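Engineer: Take this structure, written in structure tokens, and hold onto it; I'll ask about it next.
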Amino acid sequence: MGGSLSRQSATLRRMFPSLLNARDLGGYPTTDGAVTKRRSLLRTDDLAQLSPAGLAALADYGVETVLDLRWPEEICAAPSPVPLHLPRVRYVSVSLLTESVAEWTAVGRYCAKEQWKRTVLERLRPQLKRALAAIAAAGPGPLLFHCVAGKDRTGVVAALLLALADVLPEAIAADYSASAENLRDAYLQRYRDADAAAIIESVRCPEEAVYNMLDYLDRAGGARAYLAAIGLGEAEITRLRGRLR
């Protein structure tokens, strides 16, 4: 699975050279022997990095909806180029986790990375509901969702959608951990004046975080039951699963 993810990431990096952490959630193995749909859900890092050529490539890829999961202050500091340069692409902003950096610091500062996804599922249900409802409400064409690095906020949404599609746990874990490999060397180069150990820790994406999240979902009755519990309707849940199955 790791090799497949590396090849997929490399392919998308060639298409979008300004992005470091892009991949399609299609082609992942499921528990019943199938694979998830390709060209339906795309996860990436910040689109503010895209060059004009990258924006053209995004349009050529067929993306119809972009869901921006960043905090308002992040969007203000680095506005998305999509509304201005790709007016035919539907742009939706949903601040995931909390409404600001300061608010998230108060919630998540003491949470170990291995427990991070589980903590989000436990404590930030309204925010997750809004983000997932936006995906459920989107048209059937390819949808791209992203935050800044494309690893944690983007990662928890990806993991939930993959779990709902009955993707093998090890494949969900590999999808999350791939972000560390994609980001580490580039971030060490980009932030060369910062502490290297701190950068490596900041991009660490332990597979244990996914297994802890999946254990939480199992105790809740599964991904579908969890999504119903946070307030998504049956039709919305069906549309979300249909994105990948």
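Lettering and numbering for the structure tokens are positional, with chains as A, B, ... in the shown order, residues counted from 1 in each chain, and ligands counted from 1 in the shown order.
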Hey, what's within 7 Å of Arg118 in chain A if we count only C-alpha atoms and toss same-chain stuff fewer than 5 positions away? As a list in words, please?
Structural biologist: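 Neighbouring residues, sequence-local ones excluded: Asn212, Met213 and Tyr216 of chain A.
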Engineer: Can you list every residue of range 106-191 of chain A that has an atom at most 7 Å from range 61-85 of chain A, with its nearest atom pair and the distance in Å to one decimal, using only C-alpha atoms, ordered by chain then number, as CSV?
Structural biologist:
residue,atom,partner,partner_atom,distance
A:Ala138,CA,A:Thr65,CA,6.9
A:Gly141,CA,A:Glu64,CA,5.5
A:Pro142,CA,A:Val63,CA,4.7
A:Leu143,CA,A:Thr65,CA,4.7
A:Leu144,CA,A:Val66,CA,4.8
A:Phe145,CA,A:Leu67,CA,4.5
A:His146,CA,A:Asp68,CA,5.5
A:Cys147,CA,A:Leu69,CA,4.9
A:Val148,CA,A:Arg70,CA,6.6
Engineer: Mind dumping the selected residues with C-alpha atoms as a CSV table (one decimal), in the first residue's frame?
Structural biologist:
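Heads up, here's the output in result_4.csv:
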chain,number,residue,atom,x,y,z
A,138,ALA,CA,-21.6,19.0,-3.5
A,141,GLY,CA,-17.9,15.8,-10.0
A,142,PRO,CA,-14.5,15.6,-8.5
A,143,LEU,CA,-14.2,17.4,-5.1
A,144,LEU,CA,-10.9,18.6,-3.6
A,145,PHE,CA,-10.6,19.3,0.2
A,146,HIS,CA,-7.6,20.8,1.9
A,147,CYS,CA,-6.2,22.7,4.9
A,148,VAL,CA,-2.7,24.1,5.1
Engineer: If you run DSSP on this backbone, which residues of range 8-245 of chain A come out as strand (DSSP E or B), and could you give them as a PyMOL selection string?
Structural biologist: chain A and resi 23-24+29-30+35+41-44+65-68+90-93+143-146+167
Engineer: Write out the residues from the selection above, keeping C-alpha atoms, as a PDB file, in the first residue's frame.
Structural biologist:
ATOM      1  CA  ARG A  23      -3.469  12.361  -3.595  1.00  0.00           C
ATOM      2  CA  ASP A  24      -6.663  10.843  -4.918  1.00  0.00           C
ATOM      3  CA  PRO A  29      -8.688  -1.681  -1.097  1.00  0.00           C
ATOM      4  CA  THR A  30     -11.883  -2.387   0.817  1.00  0.00           C
ATOM      5  CA  VAL A  35     -11.441  -0.645  -4.481  1.00  0.00           C
ATOM      6  CA  LEU A  41     -12.239  12.861  -3.816  1.00  0.00           C
ATOM      7  CA  LEU A  42      -8.853  14.573  -3.858  1.00  0.00           C
ATOM      8  CA  ARG A  43      -6.971  15.639  -0.710  1.00  0.00           C
ATOM      9  CA  THR A  44      -4.208  18.235  -0.854  1.00  0.00           C
ATOM     10  CA  THR A  65     -15.811  21.758  -5.916  1.00  0.00           C
ATOM     11  CA  VAL A  66     -13.074  22.930  -3.543  1.00  0.00           C
ATOM     12  CA  LEU A  67     -13.643  22.675   0.218  1.00  0.00           C
ATOM     13  CA  ASP A  68     -11.232  24.897   2.176  1.00  0.00           C
ATOM     14  CA  ARG A  90     -17.546  25.943  -6.573  1.00  0.00           C
ATOM     15  CA  TYR A  91     -15.535  27.185  -3.582  1.00  0.00           C
ATOM     16  CA  VAL A  92     -16.742  26.394  -0.049  1.00  0.00           C
ATOM     17  CA  SER A  93     -15.048  27.439   3.191  1.00  0.00           C
ATOM     18  CA  LEU A 143     -14.203  17.384  -5.110  1.00  0.00           C
ATOM     19  CA  LEU A 144     -10.941  18.605  -3.560  1.00  0.00           C
ATOM     20  CA  PHE A 145     -10.597  19.298   0.158  1.00  0.00           C
ATOM     21  CA  HIS A 146      -7.586  20.808   1.890  1.00  0.00           C
ATOM     22  CA  VAL A 167     -11.429   0.669   3.300  1.00  0.00           C
TER      23      VAL A 167
END
Engineer: Tell me, which residues of range 101-196 of chain A carry DSSP helix (DSSP H, G or I), written as an MDAnalysis selection string?
Structural biologist: chainID A and resid 101:108 113:123 125:137 153:164 169:190 196
Engineer: So, with only C-alpha atoms as the atoms that count, which of A:Asp152, A:Glu207, A:Asp185, A:Asp166 lies closest to Leu96 in chain A?
Structural biologist: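 Using only C-alpha atoms, Leu96 in chain A sits closest to A:Asp152.
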Engineer: For Arg190 in chain A, work out the shell of residues within 12 Å, counting only C-alpha atoms and skipping chain neighbours fewer than 6 positions away, then give it as a PyMOL selection string.
Structural biologist: chain A and resi 20+183-184+196+199
Engineer: Mind dumping the selected residues with N, CA and C atoms as a short mmCIF file (atom, residue, chain, number, x, y, z; two decimals), in the first residue's frame?
Structural biologist:
data_model
loop_
_atom_site.label_atom_id
_atom_site.label_comp_id
_atom_site.auth_asym_id
_atom_site.auth_seq_id
_atom_site.Cartn_x
_atom_site.Cartn_y
_atom_site.Cartn_z
N LEU A 20 2.61 19.75 -2.21
CA LEU A 20 3.50 18.75 -1.62
C LEU A 20 2.76 17.48 -1.19
N LEU A 183 5.86 15.58 3.25
CA LEU A 183 6.15 16.92 3.75
C LEU A 183 7.54 17.09 4.36
N ARG A 184 8.08 16.04 4.93
CA ARG A 184 9.27 16.18 5.79
C ARG A 184 10.43 16.89 5.09
N ALA A 196 15.19 21.58 13.27
CA ALA A 196 14.86 20.43 12.43
C ALA A 196 14.03 19.41 13.17
N ILE A 199 10.44 20.46 13.32
CA ILE A 199 9.76 20.30 12.03
C ILE A 199 9.38 18.84 11.81
#
Engineer: Find the residue from A:Gly231, A:Gly54, A:Gly221, A:Gly242 that sits nearest to Arg13 in chain A; use only C-alpha atoms when measuring.
Structural biologist: A:Gly54
Engineer: If we count only C-alpha atoms and set the cut-off at 8 Å, which residues sit around Gly150 in chain A, ignoring sequence neighbours fewer than 4 positions away in its own chain? Please answer as an MDAnalysis selection string.
Structural biologist: chainID A and resid 21:22 43:46 146 154:155 179
Engineer: Which neighbours of Tyr226 in chain A fall inside 12 Å, counting only C-alpha atoms, when residues of the same chain fewer than 2 positions from it are skipped, and could you give them as a list in words?
Structural biologist: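 The residues that qualify are Leu121, Glu122, Arg125, Leu128, Lys129, Leu160, Leu161, Ala163, Leu164, Met213, Leu214, Asp215, Tyr216, Leu217, Asp218, Arg219, Ala220, Gly221, Gly222, Ala223, Arg224, Ala228, Ala229, Ile230, Gly231, Leu232, Gly233, Glu234 and Ile237 of chain A.
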